[in-house]
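J.: Here it is, the structure in full.
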Amino acid sequence: MPGKSKYFLITCEILEHIGKFPLNTLKFFYFVATLGTLSAAAEKLHVTHGAVSKQIKSLEAHLGLTLFVKHGRRLALAPAGRTLYECCHAMFHELDGTIHQLVAARGRDLVVSCEPTLAMRWLIPRVAGFKPANPFNVVILAAGGAVDFRRQAIDIAIRRNDFHWGAGVYAERLADERIGPVRKPGLAEQGKRLHTSTRPKAWEQWRQAGGHMADAQGEAWFEHFYLSIQAALAGMGVAIASELMVKDDIAQGILQAPDGFLQDGSSYYLLSETPLEADERKLQFLHWVQSQMQ
């Protein structure tokens, strides 16, 4: 019993000390030490240069130690900084492995990140028809742009190749993007031209692909692609839309695309951090999505 009491007191002292330590500063310290400059760390962490500098100064003040020394335009580790960096590197590596294990233990759910409009207007209405050979749940997260598989805890992602996703990502082409003007039946071809901030060059891409550009009676802008399509459904004007995203509306006669659809030069891809062949769930989903998009 005395031994347990001593252990308990030591543990409490450690936790009390940790509670007073600015743990968040270690993340900033680690990236500055790894990348060598405040600017590079700020870009990696999506914060300002000043925010990184403030965190480093806070950590040095708390420790009463100098962690970096200037070496030209870069920051080199001081002796104390080198010791702390080695500890952080080992700690973060172990933490990353533990988080990976916890995520893997969630079960057999396949977590799919998909561009928001494509997810809402195409994937979600169809995913109930996906019948994998070995049953597993498909969890859909709506997101676009760059993918961080570990931080976002996702297995695969559906993206259009309008950005660079890096050499370390495995990519399988799904289908070409085809766009065209859509409007509510009965609406004049010269209606208001609807634009979206997420695809500001969509009309110009349609014209460059050889599409017909009718005169417009004014213009209107919307924040997201989904909203411009909704505006077209409401009869507010003519929107450029992805064929995939309005396919069901055209089939039901809710929208019409009298000028058809043309390839805009981009394509949809299925992205993965690891080879798709290494996970049967990913392969089954890939083949299903390809068949649906074709």
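In the structure tokens, each chain is lettered A, B, ... as it comes, each chain's residues begin at 1, and ligands are numbered from 1 in order of appearance.
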Run DSSP on the backbone of this structure and report the residues of range 24-251 of chain A it assigns to alpha helix (DSSP H), as a ChimeraX atom specification.
T.: /A:24-35,38-45,49-63,79-104,116-118,124-127,202-208,225-233,243-251
J.: Hey, what's within 9 Å of Leu187 in chain A if we count only C-alpha atoms and toss same-chain stuff fewer than 2 positions away? As a compact mmCIF listing (two decimals) with all heavy atoms, in the first residue's frame, please?
T.:
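out-v2.txt was written with the following content:
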```
# COMPACT_ATOMS: atom_id res chain seq x y z
N ARG A 183 -30.88 24.59 -67.69
CA ARG A 183 -31.91 25.55 -67.26
C ARG A 183 -33.23 24.83 -67.06
O ARG A 183 -33.42 23.70 -67.51
CB ARG A 183 -32.05 26.66 -68.29
CG ARG A 183 -32.50 26.21 -69.68
CD ARG A 183 -32.66 27.42 -70.59
NE ARG A 183 -33.22 27.09 -71.89
CZ ARG A 183 -32.52 26.85 -72.98
NH1 ARG A 183 -31.19 26.88 -72.92
NH2 ARG A 183 -33.12 26.56 -74.12
N LYS A 184 -34.11 25.49 -66.40
CA LYS A 184 -35.44 24.94 -66.15
C LYS A 184 -36.22 24.93 -67.46
O LYS A 184 -36.13 25.88 -68.26
CB LYS A 184 -36.16 25.80 -65.11
CG LYS A 184 -37.40 25.17 -64.53
CD LYS A 184 -37.92 26.02 -63.38
CE LYS A 184 -39.15 25.35 -62.76
NZ LYS A 184 -39.65 26.16 -61.62
N PRO A 185 -36.98 23.87 -67.76
CA PRO A 185 -37.77 23.83 -69.00
C PRO A 185 -38.66 25.07 -69.12
O PRO A 185 -39.29 25.50 -68.16
CB PRO A 185 -38.61 22.56 -68.83
CG PRO A 185 -37.78 21.70 -67.95
CD PRO A 185 -37.12 22.64 -66.98
N GLU A 189 -33.30 30.81 -73.48
CA GLU A 189 -31.87 30.53 -73.61
C GLU A 189 -31.05 31.74 -73.20
O GLU A 189 -29.92 31.62 -72.73
CB GLU A 189 -31.55 30.13 -75.06
CG GLU A 189 -30.09 29.76 -75.27
CD GLU A 189 -29.80 29.44 -76.74
OE1 GLU A 189 -30.68 29.69 -77.59
OE2 GLU A 189 -28.68 28.96 -77.01
N GLN A 190 -31.61 32.95 -73.36
CA GLN A 190 -30.90 34.18 -73.04
C GLN A 190 -31.15 34.61 -71.59
O GLN A 190 -31.03 35.78 -71.26
CB GLN A 190 -31.33 35.32 -73.99
CG GLN A 190 -30.94 35.12 -75.43
CD GLN A 190 -31.90 34.17 -76.16
OE1 GLN A 190 -33.02 33.94 -75.71
NE2 GLN A 190 -31.45 33.61 -77.28
N GLY A 191 -31.48 33.67 -70.72
CA GLY A 191 -31.72 34.02 -69.33
C GLY A 191 -30.46 34.49 -68.62
O GLY A 191 -29.37 34.52 -69.20
N GLY A 235 -35.30 28.31 -61.49
CA GLY A 235 -35.68 29.14 -62.63
C GLY A 235 -35.05 30.52 -62.62
O GLY A 235 -35.53 31.43 -63.29
N MET A 236 -33.94 30.67 -61.89
CA MET A 236 -33.30 31.99 -61.79
C MET A 236 -32.41 32.31 -62.98
O MET A 236 -32.01 33.45 -63.16
CB MET A 236 -32.49 32.07 -60.50
CG MET A 236 -33.33 32.03 -59.24
SD MET A 236 -32.31 32.07 -57.72
CE MET A 236 -31.48 33.65 -57.91
N GLY A 237 -32.07 31.29 -63.78
CA GLY A 237 -31.21 31.54 -64.92
C GLY A 237 -30.60 30.26 -65.45
O GLY A 237 -31.09 29.15 -65.19
N VAL A 238 -29.51 30.42 -66.22
CA VAL A 238 -28.83 29.29 -66.86
C VAL A 238 -27.49 29.07 -66.16
O VAL A 238 -26.70 30.01 -66.03
CB VAL A 238 -28.60 29.54 -68.36
CG1 VAL A 238 -28.01 28.30 -69.02
CG2 VAL A 238 -29.91 29.95 -69.03
```
J.: Tell me, as a PyMOL selection string, which residues lie within 12 Å of Ser272 in chain A, counting only C-alpha atoms; anything in the same chain fewer than 2 positions away does not count.
T.: chain A and resi 110-113+147-150+153-159+165-173+269-270+274-279+281-283+285-286
J.: Using the selection just defined, write its residues with N, CA and C atoms as a tab-separated table (two decimals), in the first residue's frame.
T.:
```tsv
chain	number	residue	atom	x	y	z
A	110	LEU	N	-15.69	2.00	-44.55
A	110	LEU	CA	-14.86	2.61	-45.58
A	110	LEU	C	-15.21	4.09	-45.60
A	111	VAL	N	-14.31	4.95	-45.18
A	111	VAL	CA	-14.57	6.38	-45.10
A	111	VAL	C	-14.15	7.04	-46.40
A	112	VAL	N	-15.12	7.63	-47.09
A	112	VAL	CA	-14.90	8.22	-48.41
A	112	VAL	C	-15.10	9.73	-48.33
A	113	SER	N	-14.08	10.48	-48.71
A	113	SER	CA	-14.20	11.93	-48.80
A	113	SER	C	-14.53	12.28	-50.25
A	147	VAL	N	-5.95	16.55	-49.70
A	147	VAL	CA	-6.35	15.43	-48.84
A	147	VAL	C	-5.22	15.08	-47.88
A	148	ASP	N	-5.56	14.98	-46.59
A	148	ASP	CA	-4.62	14.49	-45.57
A	148	ASP	C	-5.28	13.26	-44.96
A	149	PHE	N	-4.95	12.09	-45.49
A	149	PHE	CA	-5.66	10.86	-45.13
A	149	PHE	C	-5.61	10.58	-43.63
A	150	ARG	N	-4.47	10.77	-43.02
A	150	ARG	CA	-4.35	10.43	-41.60
A	150	ARG	C	-5.04	11.46	-40.72
A	153	ALA	N	-8.66	11.24	-41.14
A	153	ALA	CA	-9.16	9.89	-40.85
A	153	ALA	C	-10.06	9.37	-41.97
A	154	ILE	N	-9.56	9.42	-43.21
A	154	ILE	CA	-10.32	8.92	-44.36
A	154	ILE	C	-9.52	7.83	-45.07
A	155	ASP	N	-10.23	6.95	-45.75
A	155	ASP	CA	-9.59	5.85	-46.48
A	155	ASP	C	-9.30	6.22	-47.93
A	156	ILE	N	-10.29	6.81	-48.59
A	156	ILE	CA	-10.15	7.18	-49.99
A	156	ILE	C	-10.86	8.51	-50.23
A	157	ALA	N	-10.55	9.13	-51.36
A	157	ALA	CA	-11.17	10.42	-51.68
A	157	ALA	C	-11.47	10.50	-53.17
A	158	ILE	N	-12.59	11.13	-53.50
A	158	ILE	CA	-12.95	11.39	-54.90
A	158	ILE	C	-12.70	12.87	-55.15
A	159	ARG	N	-11.78	13.15	-56.08
A	159	ARG	CA	-11.42	14.52	-56.39
A	159	ARG	C	-11.30	14.71	-57.90
A	165	TRP	N	-1.97	16.76	-56.17
A	165	TRP	CA	-2.10	16.03	-54.90
A	165	TRP	C	-0.83	15.32	-54.47
A	166	GLY	N	0.25	15.47	-55.20
A	166	GLY	CA	1.54	14.94	-54.76
A	166	GLY	C	1.84	13.55	-55.29
A	167	ALA	N	3.12	13.24	-55.34
A	167	ALA	CA	3.57	11.97	-55.91
A	167	ALA	C	3.30	10.79	-55.00
A	168	GLY	N	3.11	11.04	-53.71
A	168	GLY	CA	2.90	9.94	-52.76
A	168	GLY	C	1.48	9.42	-52.70
A	169	VAL	N	0.58	9.97	-53.52
A	169	VAL	CA	-0.82	9.56	-53.51
A	169	VAL	C	-1.10	8.62	-54.68
A	170	TYR	N	-1.78	7.52	-54.40
A	170	TYR	CA	-2.18	6.58	-55.46
A	170	TYR	C	-3.51	7.07	-56.05
A	171	ALA	N	-3.55	7.18	-57.38
A	171	ALA	CA	-4.73	7.73	-58.05
A	171	ALA	C	-5.21	6.82	-59.17
A	172	GLU	N	-6.52	6.61	-59.20
A	172	GLU	CA	-7.15	5.82	-60.27
A	172	GLU	C	-8.21	6.69	-60.93
A	173	ARG	N	-8.10	6.84	-62.26
A	173	ARG	CA	-9.06	7.67	-62.98
A	173	ARG	C	-10.45	7.03	-62.96
A	269	TYR	N	-10.90	11.42	-60.06
A	269	TYR	CA	-10.00	10.35	-59.66
A	269	TYR	C	-10.37	9.86	-58.26
A	270	LEU	N	-10.04	8.58	-58.03
A	270	LEU	CA	-10.15	8.03	-56.69
A	270	LEU	C	-8.75	8.01	-56.11
A	274	THR	N	-2.54	4.45	-49.80
A	274	THR	CA	-1.89	3.16	-50.03
A	274	THR	C	-2.44	2.54	-51.32
A	275	PRO	N	-1.74	1.58	-51.91
A	275	PRO	CA	-2.24	0.95	-53.15
A	275	PRO	C	-3.64	0.37	-52.95
A	276	LEU	N	-4.52	0.64	-53.89
A	276	LEU	CA	-5.89	0.15	-53.79
A	276	LEU	C	-5.96	-1.37	-53.76
A	277	GLU	N	-4.99	-2.01	-54.42
A	277	GLU	CA	-4.97	-3.47	-54.48
A	277	GLU	C	-4.76	-4.10	-53.11
A	278	ALA	N	-4.24	-3.31	-52.17
A	278	ALA	CA	-3.95	-3.83	-50.84
A	278	ALA	C	-5.19	-3.88	-49.96
A	279	ASP	N	-6.30	-3.33	-50.42
A	279	ASP	CA	-7.53	-3.29	-49.62
A	279	ASP	C	-8.70	-3.65	-50.52
A	281	ARG	N	-11.82	-3.66	-49.98
A	281	ARG	CA	-12.93	-2.71	-49.90
A	281	ARG	C	-12.74	-1.57	-50.90
A	282	LYS	N	-11.52	-1.05	-50.97
A	282	LYS	CA	-11.23	0.05	-51.88
A	282	LYS	C	-11.39	-0.38	-53.33
A	283	LEU	N	-10.94	-1.59	-53.64
A	283	LEU	CA	-11.07	-2.09	-55.01
A	283	LEU	C	-12.53	-2.25	-55.42
A	285	PHE	N	-15.10	-0.66	-54.20
A	285	PHE	CA	-15.71	0.66	-54.35
A	285	PHE	C	-15.24	1.32	-55.64
A	286	LEU	N	-13.95	1.18	-55.98
A	286	LEU	CA	-13.42	1.73	-57.23
A	286	LEU	C	-14.17	1.20	-58.43
```
J.: Taking the backbone alone, and naming residues the way the document does, which bits of range 59-236 of chain A are strand (DSSP E) by DSSP, as a PyMOL selection string?
T.: chain A and resi 68-71+74-77+110-114+138-142+156-160+170-182+193-196+219-222
J.: Excluding range 225-227 of chain A and any residue of its chain fewer than 6 positions from it, enumerate the residues within 7 Å of it, using only C-alpha atoms, and give them as a tab-separated table (two decimals) with N, CA, C and O atoms, in the first residue's frame.
T.:
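Once written, around_34.tsv looks like this:
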```tsv
chain	number	residue	atom	x	y	z
A	117	THR	N	-20.56	18.98	-53.83
A	117	THR	CA	-21.68	18.94	-54.78
A	117	THR	C	-21.83	17.56	-55.39
A	117	THR	O	-22.94	17.05	-55.56
A	196	THR	N	-20.41	30.50	-60.34
A	196	THR	CA	-20.09	30.04	-58.99
A	196	THR	C	-18.64	30.36	-58.66
A	196	THR	O	-17.75	30.26	-59.52
A	198	THR	N	-16.58	28.77	-56.78
A	198	THR	CA	-15.69	27.61	-56.72
A	198	THR	C	-15.25	27.15	-58.11
A	198	THR	O	-14.25	26.45	-58.23
A	199	ARG	N	-16.00	27.54	-59.14
A	199	ARG	CA	-15.59	27.26	-60.53
A	199	ARG	C	-15.84	28.51	-61.36
A	199	ARG	O	-16.70	28.54	-62.25
```
J.: Record the distance separating CA of Gln252 in chain A and CA of Gln208 in chain A, expressed in Å with one decimal.
T.: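 So the two atoms, CA of Gln252 in chain A and CA of Gln208 in chain A, lie 29.2 Å apart.
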